[in-house]
$ cat input27.pdb   # PDB, C-alpha atoms
MODEL        1
ATOM      1  CA  MET A   1      -9.582   6.610 -13.017  1.00  0.00           C
ATOM      2  CA  ASP A   2      -9.712   6.798  -9.245  1.00  0.00           C
ATOM      3  CA  ILE A   3     -11.784   4.141  -7.481  1.00  0.00           C
ATOM      4  CA  LYS A   4     -14.322   5.360  -4.924  1.00  0.00           C
ATOM      5  CA  LEU A   5     -14.675   2.931  -2.023  1.00  0.00           C
ATOM      6  CA  ASN A   6     -16.901   3.043   1.037  1.00  0.00           C
ATOM      7  CA  PHE A   7     -16.156   0.887   4.071  1.00  0.00           C
ATOM      8  CA  ILE A   8     -19.321  -0.027   6.020  1.00  0.00           C
ATOM      9  CA  ASN A   9     -19.307  -1.674   9.447  1.00  0.00           C
ATOM     10  CA  ARG A  10     -22.264  -4.087   9.580  1.00  0.00           C
ATOM     11  CA  SER A  11     -20.504  -6.441  11.981  1.00  0.00           C
ATOM     12  CA  ASN A  12     -21.228  -7.413  15.573  1.00  0.00           C
ATOM     13  CA  ASP A  13     -17.661  -6.548  16.582  1.00  0.00           C
ATOM     14  CA  LEU A  14     -17.502  -4.952  20.026  1.00  0.00           C
ATOM     15  CA  ASN A  15     -13.695  -4.753  20.152  1.00  0.00           C
ATOM     16  CA  ASN A  16     -13.501  -1.521  18.094  1.00  0.00           C
ATOM     17  CA  SER A  17     -11.079  -3.281  15.768  1.00  0.00           C
ATOM     18  CA  GLN A  18      -8.837  -1.302  13.458  1.00  0.00           C
ATOM     19  CA  VAL A  19      -9.240  -2.105   9.777  1.00  0.00           C
ATOM     20  CA  VAL A  20      -6.119  -2.036   7.624  1.00  0.00           C
ATOM     21  CA  VAL A  21      -6.098  -1.610   3.841  1.00  0.00           C
ATOM     22  CA  PHE A  22      -2.946  -2.229   1.811  1.00  0.00           C
ATOM     23  CA  GLN A  23      -1.415  -3.608  -1.365  1.00  0.00           C
ATOM     24  CA  LYS A  24       1.288  -6.247  -1.666  1.00  0.00           C
ATOM     25  CA  ASN A  25       4.459  -5.625  -3.635  1.00  0.00           C
ATOM     26  CA  THR A  26       4.477  -8.760  -5.792  1.00  0.00           C
ATOM     27  CA  SER A  27       7.871  -8.161  -7.396  1.00  0.00           C
ATOM     28  CA  THR A  28       9.653 -10.360  -4.854  1.00  0.00           C
ATOM     29  CA  ASP A  29       8.935 -13.497  -2.868  1.00  0.00           C
ATOM     30  CA  PHE A  30       5.982 -11.672  -1.385  1.00  0.00           C
ATOM     31  CA  ASP A  31       4.969 -14.490   0.942  1.00  0.00           C
ATOM     32  CA  ASN A  32       7.964 -13.456   3.045  1.00  0.00           C
ATOM     33  CA  GLU A  33       7.667  -9.756   2.335  1.00  0.00           C
ATOM     34  CA  LEU A  34       6.511  -7.382   5.068  1.00  0.00           C
ATOM     35  CA  HIS A  35       3.937  -4.916   3.809  1.00  0.00           C
ATOM     36  CA  THR A  36       3.046  -1.350   4.681  1.00  0.00           C
ATOM     37  CA  ALA A  37      -0.240  -0.257   6.259  1.00  0.00           C
ATOM     38  CA  TRP A  38      -1.482   2.118   3.538  1.00  0.00           C
ATOM     39  CA  LYS A  39      -4.714   3.080   5.308  1.00  0.00           C
ATOM     40  CA  VAL A  40      -5.946   2.324   8.820  1.00  0.00           C
ATOM     41  CA  ILE A  41      -9.636   2.902   9.619  1.00  0.00           C
ATOM     42  CA  ARG A  42     -10.205   3.544  13.344  1.00  0.00           C
ATOM     43  CA  ASN A  43     -13.235   4.018  15.599  1.00  0.00           C
ATOM     44  CA  CYS A  44     -15.721   3.190  12.834  1.00  0.00           C
ATOM     45  CA  GLY A  45     -18.677   2.130  14.975  1.00  0.00           C
ATOM     46  CA  LEU A  46     -21.450  -0.349  14.221  1.00  0.00           C
ATOM     47  CA  GLY A  47     -23.481   0.989  11.290  1.00  0.00           C
ATOM     48  CA  ASP A  48     -20.876   3.678  10.509  1.00  0.00           C
ATOM     49  CA  ASN A  49     -19.253   4.073   7.111  1.00  0.00           C
ATOM     50  CA  HIS A  50     -15.886   5.443   6.008  1.00  0.00           C
ATOM     51  CA  PRO A  51     -15.576   6.620   2.379  1.00  0.00           C
ATOM     52  CA  PHE A  52     -12.131   6.807   0.766  1.00  0.00           C
ATOM     53  CA  VAL A  53     -10.541   6.962  -2.653  1.00  0.00           C
ATOM     54  CA  PHE A  54      -7.977   4.582  -4.109  1.00  0.00           C
ATOM     55  CA  PRO A  55      -6.231   6.600  -6.832  1.00  0.00           C
ATOM     56  CA  MET A  56      -4.666   5.109  -9.932  1.00  0.00           C
ATOM     57  CA  ALA A  57      -1.854   7.676  -9.851  1.00  0.00           C
ATOM     58  CA  MET A  58       1.179   6.893  -7.722  1.00  0.00           C
ATOM     59  CA  GLU A  59       4.231   8.838  -6.608  1.00  0.00           C
ATOM     60  CA  ILE A  60       7.744   7.820  -5.693  1.00  0.00           C
ATOM     61  CA  GLY A  61      10.130   9.312  -3.163  1.00  0.00           C
ATOM     62  CA  ALA A  62      13.511   8.408  -1.750  1.00  0.00           C
ATOM     63  CA  SER A  63      15.618   9.105   1.314  1.00  0.00           C
ATOM     64  CA  ASP A  64      19.368   8.737   1.772  1.00  0.00           C
ATOM     65  CA  SER A  65      21.665   7.686   4.600  1.00  0.00           C
ATOM     66  CA  TRP A  66      22.130  11.346   5.539  1.00  0.00           C
ATOM     67  CA  GLY A  67      18.454  11.664   6.488  1.00  0.00           C
ATOM     68  CA  ASN A  68      17.468  13.666   3.402  1.00  0.00           C
ATOM     69  CA  TYR A  69      14.105  13.124   1.685  1.00  0.00           C
ATOM     70  CA  THR A  70      13.533  13.889  -1.989  1.00  0.00           C
ATOM     71  CA  PRO A  71      10.400  15.531  -3.372  1.00  0.00           C
ATOM     72  CA  LYS A  72       7.813  13.027  -4.583  1.00  0.00           C
ATOM     73  CA  LEU A  73       7.647  12.426  -8.343  1.00  0.00           C
ATOM     74  CA  LEU A  74       4.734  11.024 -10.339  1.00  0.00           C
ATOM     75  CA  ALA A  75       5.533   7.433 -11.293  1.00  0.00           C
ATOM     76  CA  GLU A  76       4.075   5.014 -13.810  1.00  0.00           C
ATOM     77  CA  ASN A  77       4.641   1.331 -14.441  1.00  0.00           C
ATOM     78  CA  GLY A  78       7.553   0.773 -16.814  1.00  0.00           C
ATOM     79  CA  GLN A  79       9.627   3.685 -15.508  1.00  0.00           C
ATOM     80  CA  LEU A  80      13.145   3.614 -14.058  1.00  0.00           C
ATOM     81  CA  PHE A  81      14.189   6.225 -11.490  1.00  0.00           C
ATOM     82  CA  HIS A  82      17.544   6.668  -9.839  1.00  0.00           C
ATOM     83  CA  VAL A  83      19.126   8.427  -6.895  1.00  0.00           C
ATOM     84  CA  SER A  84      22.321  10.162  -7.968  1.00  0.00           C
ATOM     85  CA  GLN A  85      24.638  12.857  -6.680  1.00  0.00           C
ATOM     86  CA  THR A  86      24.387  16.168  -8.473  1.00  0.00           C
ATOM     87  CA  GLY A  87      26.012  19.512  -7.839  1.00  0.00           C
ATOM     88  CA  SER A  88      23.352  20.245  -5.225  1.00  0.00           C
ATOM     89  CA  GLY A  89      23.517  16.855  -3.477  1.00  0.00           C
ATOM     90  CA  ASP A  90      21.555  13.612  -3.707  1.00  0.00           C
ATOM     91  CA  THR A  91      18.630  13.771  -6.163  1.00  0.00           C
ATOM     92  CA  LEU A  92      15.847  11.440  -7.332  1.00  0.00           C
ATOM     93  CA  SER A  93      15.102  11.668 -11.048  1.00  0.00           C
ATOM     94  CA  LEU A  94      13.515   9.744 -13.910  1.00  0.00           C
ATOM     95  CA  VAL A  95      16.056   7.927 -16.073  1.00  0.00           C
ATOM     96  CA  GLY A  96      13.720   6.395 -18.653  1.00  0.00           C
ATOM     97  CA  SER A  97      12.143   3.005 -19.243  1.00  0.00           C
ATOM     98  CA  GLY A  98      12.732   0.020 -16.988  1.00  0.00           C
ATOM     99  CA  THR A  99      12.974  -3.623 -17.975  1.00  0.00           C
ATOM    100  CA  SER A 100       9.299  -4.391 -17.268  1.00  0.00           C
ATOM    101  CA  THR A 101       6.122  -2.526 -18.189  1.00  0.00           C
ATOM    102  CA  LYS A 102       4.452  -3.824 -15.012  1.00  0.00           C
ATOM    103  CA  GLU A 103       7.055  -2.513 -12.550  1.00  0.00           C
ATOM    104  CA  VAL A 104       8.556   0.705 -11.208  1.00  0.00           C
ATOM    105  CA  HIS A 105      12.318   0.536 -10.621  1.00  0.00           C
ATOM    106  CA  VAL A 106      14.496   2.738  -8.388  1.00  0.00           C
ATOM    107  CA  ARG A 107      18.272   2.353  -8.724  1.00  0.00           C
ATOM    108  CA  ASN A 108      20.879   3.632  -6.288  1.00  0.00           C
ATOM    109  CA  ASP A 109      23.551   5.331  -8.416  1.00  0.00           C
ATOM    110  CA  LEU A 110      25.364   6.915  -5.478  1.00  0.00           C
ATOM    111  CA  GLU A 111      29.013   5.993  -4.978  1.00  0.00           C
ATOM    112  CA  THR A 112      28.474   5.394  -1.259  1.00  0.00           C
ATOM    113  CA  GLY A 113      25.492   5.110   1.075  1.00  0.00           C
ATOM    114  CA  ALA A 114      22.261   3.127   0.966  1.00  0.00           C
ATOM    115  CA  VAL A 115      18.912   4.663   0.083  1.00  0.00           C
ATOM    116  CA  ASN A 116      15.263   3.905   0.842  1.00  0.00           C
ATOM    117  CA  ALA A 117      12.523   4.141  -1.788  1.00  0.00           C
ATOM    118  CA  SER A 118       8.788   4.556  -1.146  1.00  0.00           C
ATOM    119  CA  ILE A 119       5.681   4.406  -3.326  1.00  0.00           C
ATOM    120  CA  TYR A 120       2.821   6.714  -2.323  1.00  0.00           C
ATOM    121  CA  LYS A 121      -0.876   6.717  -3.169  1.00  0.00           C
ATOM    122  CA  ASP A 122      -3.166   9.516  -2.013  1.00  0.00           C
ATOM    123  CA  GLY A 123      -0.188  10.982  -0.129  1.00  0.00           C
ATOM    124  CA  ARG A 124       0.254   7.871   2.043  1.00  0.00           C
ATOM    125  CA  VAL A 125       3.029   5.278   1.904  1.00  0.00           C
ATOM    126  CA  LEU A 126       1.898   2.235  -0.076  1.00  0.00           C
ATOM    127  CA  ALA A 127       5.189   0.307  -0.083  1.00  0.00           C
ATOM    128  CA  ILE A 128       8.777   0.835   0.989  1.00  0.00           C
ATOM    129  CA  LYS A 129      12.125  -0.752   0.187  1.00  0.00           C
ATOM    130  CA  THR A 130      14.936  -0.019   2.632  1.00  0.00           C
ATOM    131  CA  ALA A 131      18.735  -0.253   2.531  1.00  0.00           C
ATOM    132  CA  ILE A 132      19.171  -0.271  -1.258  1.00  0.00           C
ATOM    133  CA  ALA A 133      22.950  -0.468  -1.696  1.00  0.00           C
ATOM    134  CA  PRO A 134      24.869   1.375  -4.434  1.00  0.00           C
ATOM    135  CA  ALA A 135      24.336  -0.223  -7.877  1.00  0.00           C
ATOM    136  CA  GLN A 136      21.271  -2.118  -6.532  1.00  0.00           C
ATOM    137  CA  LYS A 137      17.669  -1.305  -7.313  1.00  0.00           C
ATOM    138  CA  ALA A 138      14.241  -1.622  -5.742  1.00  0.00           C
ATOM    139  CA  VAL A 139      11.400  -3.110  -7.763  1.00  0.00           C
ATOM    140  CA  PHE A 140       7.714  -2.343  -7.153  1.00  0.00           C
ATOM    141  CA  GLU A 141       4.844  -4.245  -8.770  1.00  0.00           C
ATOM    142  CA  PHE A 142       1.214  -4.310  -7.649  1.00  0.00           C
ATOM    143  CA  LYS A 143      -1.747  -6.429  -8.714  1.00  0.00           C
ATOM    144  CA  PRO A 144      -5.063  -4.540  -9.119  1.00  0.00           C
ATOM    145  CA  THR A 145      -6.258  -5.766  -5.732  1.00  0.00           C
ATOM    146  CA  LEU A 146      -6.474  -4.507  -2.157  1.00  0.00           C
ATOM    147  CA  TRP A 147      -5.972  -6.543   1.000  1.00  0.00           C
ATOM    148  CA  ILE A 148      -8.155  -5.755   3.996  1.00  0.00           C
ATOM    149  CA  GLY A 149      -8.424  -7.121   7.523  1.00  0.00           C
ATOM    150  CA  ALA A 150      -9.254  -6.357  11.141  1.00  0.00           C
ATOM    151  CA  VAL A 151      -6.096  -5.839  13.188  1.00  0.00           C
ATOM    152  CA  SER A 152      -4.752  -4.135  16.273  1.00  0.00           C
ATOM    153  CA  GLN A 153      -1.760  -1.921  16.995  1.00  0.00           C
ATOM    154  CA  VAL A 154      -1.023  -1.030  13.390  1.00  0.00           C
ATOM    155  CA  VAL A 155       0.337   2.390  12.440  1.00  0.00           C
ATOM    156  CA  GLU A 156      -0.538   3.915   9.083  1.00  0.00           C
ATOM    157  CA  GLY A 157       2.524   4.257   6.867  1.00  0.00           C
ATOM    158  CA  GLN A 158       4.603   1.754   8.801  1.00  0.00           C
ATOM    159  CA  VAL A 159       5.589  -1.812   7.978  1.00  0.00           C
ATOM    160  CA  MET A 160       3.375  -4.463   9.593  1.00  0.00           C
ATOM    161  CA  ASN A 161       4.886  -7.452  11.365  1.00  0.00           C
ATOM    162  CA  SER A 162       4.365 -11.025  10.184  1.00  0.00           C
ATOM    163  CA  ALA A 163       1.906 -11.823  13.007  1.00  0.00           C
ATOM    164  CA  VAL A 164      -0.429  -9.066  11.804  1.00  0.00           C
ATOM    165  CA  MET A 165       0.026 -10.136   8.182  1.00  0.00           C
ATOM    166  CA  SER A 166      -1.045 -13.693   8.970  1.00  0.00           C
ATOM    167  CA  ASP A 167      -4.411 -12.385  10.240  1.00  0.00           C
ATOM    168  CA  VAL A 168      -5.236 -10.632   6.957  1.00  0.00           C
ATOM    169  CA  ASN A 169      -6.497 -12.978   4.255  1.00  0.00           C
ATOM    170  CA  THR A 170      -9.164 -11.057   2.304  1.00  0.00           C
ATOM    171  CA  GLU A 171      -8.152  -9.890  -1.175  1.00  0.00           C
ATOM    172  CA  ILE A 172     -10.504  -7.420  -2.875  1.00  0.00           C
ATOM    173  CA  PRO A 173     -10.354  -7.275  -6.714  1.00  0.00           C
ATOM    174  CA  LEU A 174     -10.352  -3.764  -8.185  1.00  0.00           C
ATOM    175  CA  LEU A 175      -9.996  -4.407 -11.915  1.00  0.00           C
ATOM    176  CA  GLY A 176     -12.686  -2.552 -13.844  1.00  0.00           C
ATOM    177  CA  ILE A 177     -14.396  -1.167 -10.740  1.00  0.00           C
ATOM    178  CA  ALA A 178     -15.408   2.498 -10.520  1.00  0.00           C
ATOM    179  CA  SER A 179     -16.955   2.370  -7.055  1.00  0.00           C
ATOM    180  CA  ALA A 180     -18.031  -0.160  -4.438  1.00  0.00           C
ATOM    181  CA  ASP A 181     -18.943  -0.678  -0.797  1.00  0.00           C
ATOM    182  CA  ILE A 182     -16.634  -2.852   1.301  1.00  0.00           C
ATOM    183  CA  VAL A 183     -18.915  -4.356   3.963  1.00  0.00           C
ATOM    184  CA  MET A 184     -17.604  -5.904   7.181  1.00  0.00           C
ATOM    185  CA  THR A 185     -19.841  -8.535   8.803  1.00  0.00           C
ATOM    186  CA  GLY A 186     -19.464 -11.195  11.484  1.00  0.00           C
ATOM    187  CA  GLY A 187     -17.821 -10.880  14.856  1.00  0.00           C
ATOM    188  CA  GLY A 188     -19.680 -10.633  18.130  1.00  0.00           C
ATOM    189  CA  PRO A 189     -19.315 -11.750  21.743  1.00  0.00           C
ATOM    190  CA  GLY A 190     -19.285 -15.239  23.204  1.00  0.00           C
ATOM    191  CA  THR A 191     -19.075 -18.710  21.711  1.00  0.00           C
ATOM    192  CA  THR A 192     -21.455 -17.844  18.855  1.00  0.00           C
ATOM    193  CA  SER A 193     -18.970 -15.288  17.519  1.00  0.00           C
ATOM    194  CA  THR A 194     -17.890 -15.720  13.897  1.00  0.00           C
ATOM    195  CA  ALA A 195     -14.852 -14.391  12.095  1.00  0.00           C
ATOM    196  CA  LEU A 196     -15.058 -10.908  10.640  1.00  0.00           C
ATOM    197  CA  LYS A 197     -15.652 -11.041   6.881  1.00  0.00           C
ATOM    198  CA  PHE A 198     -15.259  -8.438   4.150  1.00  0.00           C
ATOM    199  CA  SER A 199     -17.234  -8.430   0.893  1.00  0.00           C
ATOM    200  CA  LEU A 200     -17.984  -6.067  -1.981  1.00  0.00           C
ATOM    201  CA  GLU A 201     -21.516  -4.717  -2.489  1.00  0.00           C
ATOM    202  CA  ASN A 202     -23.089  -2.113  -4.784  1.00  0.00           C
ATOM    203  CA  VAL A 203     -20.276  -2.527  -7.302  1.00  0.00           C
ATOM    204  CA  VAL A 204     -20.293  -0.052 -10.201  1.00  0.00           C
ATOM    205  CA  MET A 205     -18.063  -1.028 -13.099  1.00  0.00           C
ATOM    206  CA  ALA A 206     -16.017   1.578 -14.952  1.00  0.00           C
TER     207      ALA A 206
ENDMDL
END

$ encode --input "input27.pdb" --output "structure tokens"
Amino acid sequence: MDIKLNFINRSNDLNNSQVVVFQKNTSTDFDNELHTAWKVIRNCGLGDNHPFVFPMAMEIGASDSWGNYTPKLLAENGQLFHVSQTGSGDTLSLVGSGTSTKEVHVRNDLETGAVNASIYKDGRVLAIKTAIAPAQKAVFEFKPTLWIGAVSQVVEGQVMNSAVMSDVNTEIPLLGIASADIVMTGGGPGTTSTALKFSLENVVMA
């Protein structure tokens, strides 16, 4: 079931901060992993709100070294996809089950050329693995949580640098939630300013 979320700005922030929402791919040493800005909320003024949906369904897509992009396919945990060369050219297709029920795998079965693989939610890039060499595979695994933080100069769908990542330290649990408000408080001018904080309110369980 899709989760209905509503970001509310109840802060004293006068910097018109951008708010980034993303998930972390936990299949690797994710402390060193760079993550993708899934959603960026901009120009949400004091007292404004920004509703959005976090869908359970996800899609996968791939691109090759020739600059070709495959159609997106519905993906579920436990599935293995591969990029292979067919009579029409490079194609992304479902092979069957992967080695873990918690992960989505994408294997490069081309003879030559690296590929990139991306996971999408709500049509936006959630995570990306680049330069997957032939016979190698990308692994995607996500905890049922969202990360959220106030940032600057972040582009939706692009990988965030480590300096931005270090500023984001709020993890929002989603397990069992049907809908909730994500409320931003804090901030403000001068020496009395506090850090911006994010908390869940009006939580409705599924």

$ resolve_selection --input "input27.pdb" --expression "the PyMOL selection byres ((chain A and resi 153) around 12)" --output "list of chain:residue names"
A:Asn16, A:Ser17, A:Gln18, A:Val19, A:Val20, A:Ala37, A:Val40, A:Ile41, A:Arg42, A:Ala150, A:Val151, A:Ser152, A:Val154, A:Val155, A:Glu156, A:Gln158, A:Val159, A:Met160, A:Asn161, A:Ala163, A:Val164

$ closest_residue --input "input27.pdb" --among "A:Thr170, A:Gly89, A:Val106, A:Thr192" --to "Pro134 in chain A" --atoms "all atoms listed in the file"
A:Val106

$ resolve_selection --input "input27.pdb" --expression "the PyMOL selection byres ((chain A and resi 47) around 6)" --output "ChimeraX atom specification"
/A:9-10,46,48

$ atom_distance --input "input27.pdb" --atom1 "CA of Leu92 in chain A" --atom2 "CA of Ile132 in chain A"
13.6 Å

$ atom_distance --input "input27.pdb" --atom1 "CA of Ile128 in chain A" --atom2 "CA of Gly87 in chain A"
26.9 Å

$ atom_distance --input "input27.pdb" --atom1 "CA of Ser27 in chain A" --atom2 "CA of Asn169 in chain A"
19.1 Å

$ residues_around --input "input27.pdb" --residues "Asn116 in chain A" --least-positions-apart "5" --cutoff "9 Å" --atoms "all atoms listed in the file" --output "JSON, numbers by chain"
{"A": [61, 62, 63, 64, 65, 128, 129, 130, 131, 132, 138]}

$ residues_near_point --input "input27.pdb" --point "(7.0, -3.1, 1.9)" --cutoff "12 Å" --atoms "all atoms listed in the file" --output "PDB file with C-alpha atoms, in the coordinates of the input"
ATOM      1  CA  PHE A  22      -2.946  -2.229   1.811  1.00  0.00           C
ATOM      2  CA  GLN A  23      -1.415  -3.608  -1.365  1.00  0.00           C
ATOM      3  CA  LYS A  24       1.288  -6.247  -1.666  1.00  0.00           C
ATOM      4  CA  ASN A  25       4.459  -5.625  -3.635  1.00  0.00           C
ATOM      5  CA  THR A  26       4.477  -8.760  -5.792  1.00  0.00           C
ATOM      6  CA  SER A  27       7.871  -8.161  -7.396  1.00  0.00           C
ATOM      7  CA  THR A  28       9.653 -10.360  -4.854  1.00  0.00           C
ATOM      8  CA  ASP A  29       8.935 -13.497  -2.868  1.00  0.00           C
ATOM      9  CA  PHE A  30       5.982 -11.672  -1.385  1.00  0.00           C
ATOM     10  CA  ASP A  31       4.969 -14.490   0.942  1.00  0.00           C
ATOM     11  CA  ASN A  32       7.964 -13.456   3.045  1.00  0.00           C
ATOM     12  CA  GLU A  33       7.667  -9.756   2.335  1.00  0.00           C
ATOM     13  CA  LEU A  34       6.511  -7.382   5.068  1.00  0.00           C
ATOM     14  CA  HIS A  35       3.937  -4.916   3.809  1.00  0.00           C
ATOM     15  CA  THR A  36       3.046  -1.350   4.681  1.00  0.00           C
ATOM     16  CA  ALA A  37      -0.240  -0.257   6.259  1.00  0.00           C
ATOM     17  CA  TRP A  38      -1.482   2.118   3.538  1.00  0.00           C
ATOM     18  CA  ASN A 116      15.263   3.905   0.842  1.00  0.00           C
ATOM     19  CA  ALA A 117      12.523   4.141  -1.788  1.00  0.00           C
ATOM     20  CA  SER A 118       8.788   4.556  -1.146  1.00  0.00           C
ATOM     21  CA  ILE A 119       5.681   4.406  -3.326  1.00  0.00           C
ATOM     22  CA  TYR A 120       2.821   6.714  -2.323  1.00  0.00           C
ATOM     23  CA  VAL A 125       3.029   5.278   1.904  1.00  0.00           C
ATOM     24  CA  LEU A 126       1.898   2.235  -0.076  1.00  0.00           C
ATOM     25  CA  ALA A 127       5.189   0.307  -0.083  1.00  0.00           C
ATOM     26  CA  ILE A 128       8.777   0.835   0.989  1.00  0.00           C
ATOM     27  CA  LYS A 129      12.125  -0.752   0.187  1.00  0.00           C
ATOM     28  CA  THR A 130      14.936  -0.019   2.632  1.00  0.00           C
ATOM     29  CA  ALA A 138      14.241  -1.622  -5.742  1.00  0.00           C
ATOM     30  CA  VAL A 139      11.400  -3.110  -7.763  1.00  0.00           C
ATOM     31  CA  PHE A 140       7.714  -2.343  -7.153  1.00  0.00           C
ATOM     32  CA  GLU A 141       4.844  -4.245  -8.770  1.00  0.00           C
ATOM     33  CA  PHE A 142       1.214  -4.310  -7.649  1.00  0.00           C
ATOM     34  CA  GLY A 157       2.524   4.257   6.867  1.00  0.00           C
ATOM     35  CA  GLN A 158       4.603   1.754   8.801  1.00  0.00           C
ATOM     36  CA  VAL A 159       5.589  -1.812   7.978  1.00  0.00           C
ATOM     37  CA  MET A 160       3.375  -4.463   9.593  1.00  0.00           C
ATOM     38  CA  ASN A 161       4.886  -7.452  11.365  1.00  0.00           C
ATOM     39  CA  SER A 162       4.365 -11.025  10.184  1.00  0.00           C
ATOM     40  CA  MET A 165       0.026 -10.136   8.182  1.00  0.00           C
TER      41      MET A 165
END

$ resolve_selection --input "input27.pdb" --expression "the PyMOL selection byres ((chain A and resi 112) around 12)" --output "list in words"
Asp64, Ser65, Trp66, Val83, Ser84, Gln85, Asp90, Asn108, Asp109, Leu110, Glu111, Gly113, Ala114, Val115, Ala131, Ile132, Ala133, Pro134, Ala135 and Gln136 of chain A

$ residues_near_point --input "input27.pdb" --point "(-17.7, -2.7, -4.3)" --cutoff "10 Å" --atoms "all atoms listed in the file" --output "PyMOL selection string"
chain A and resi 3-7+172-174+177-183+199-205

$ closest_residue --input "input27.pdb" --among "A:Thr145, A:Asn12, A:Asn49, A:Thr70" --to "Thr185 in chain A" --atoms "only C-alpha atoms"
A:Asn12

$ axis_aligned_box --input "input27.pdb" --around "range 133-149 of chain A" --padding-each-side "8 Å" --output "AutoDock Vina command-line options"
--center_x 8.2 --center_y -2.9 --center_z -0.8 --size_x 49.3 --size_y 24.5 --size_z 32.6

$ closest_residue --input "input27.pdb" --among "A:Gly176, A:Met184, A:Ser193, A:Glu59" --to "Ala206 in chain A" --atoms "all atoms listed in the file"
A:Gly176
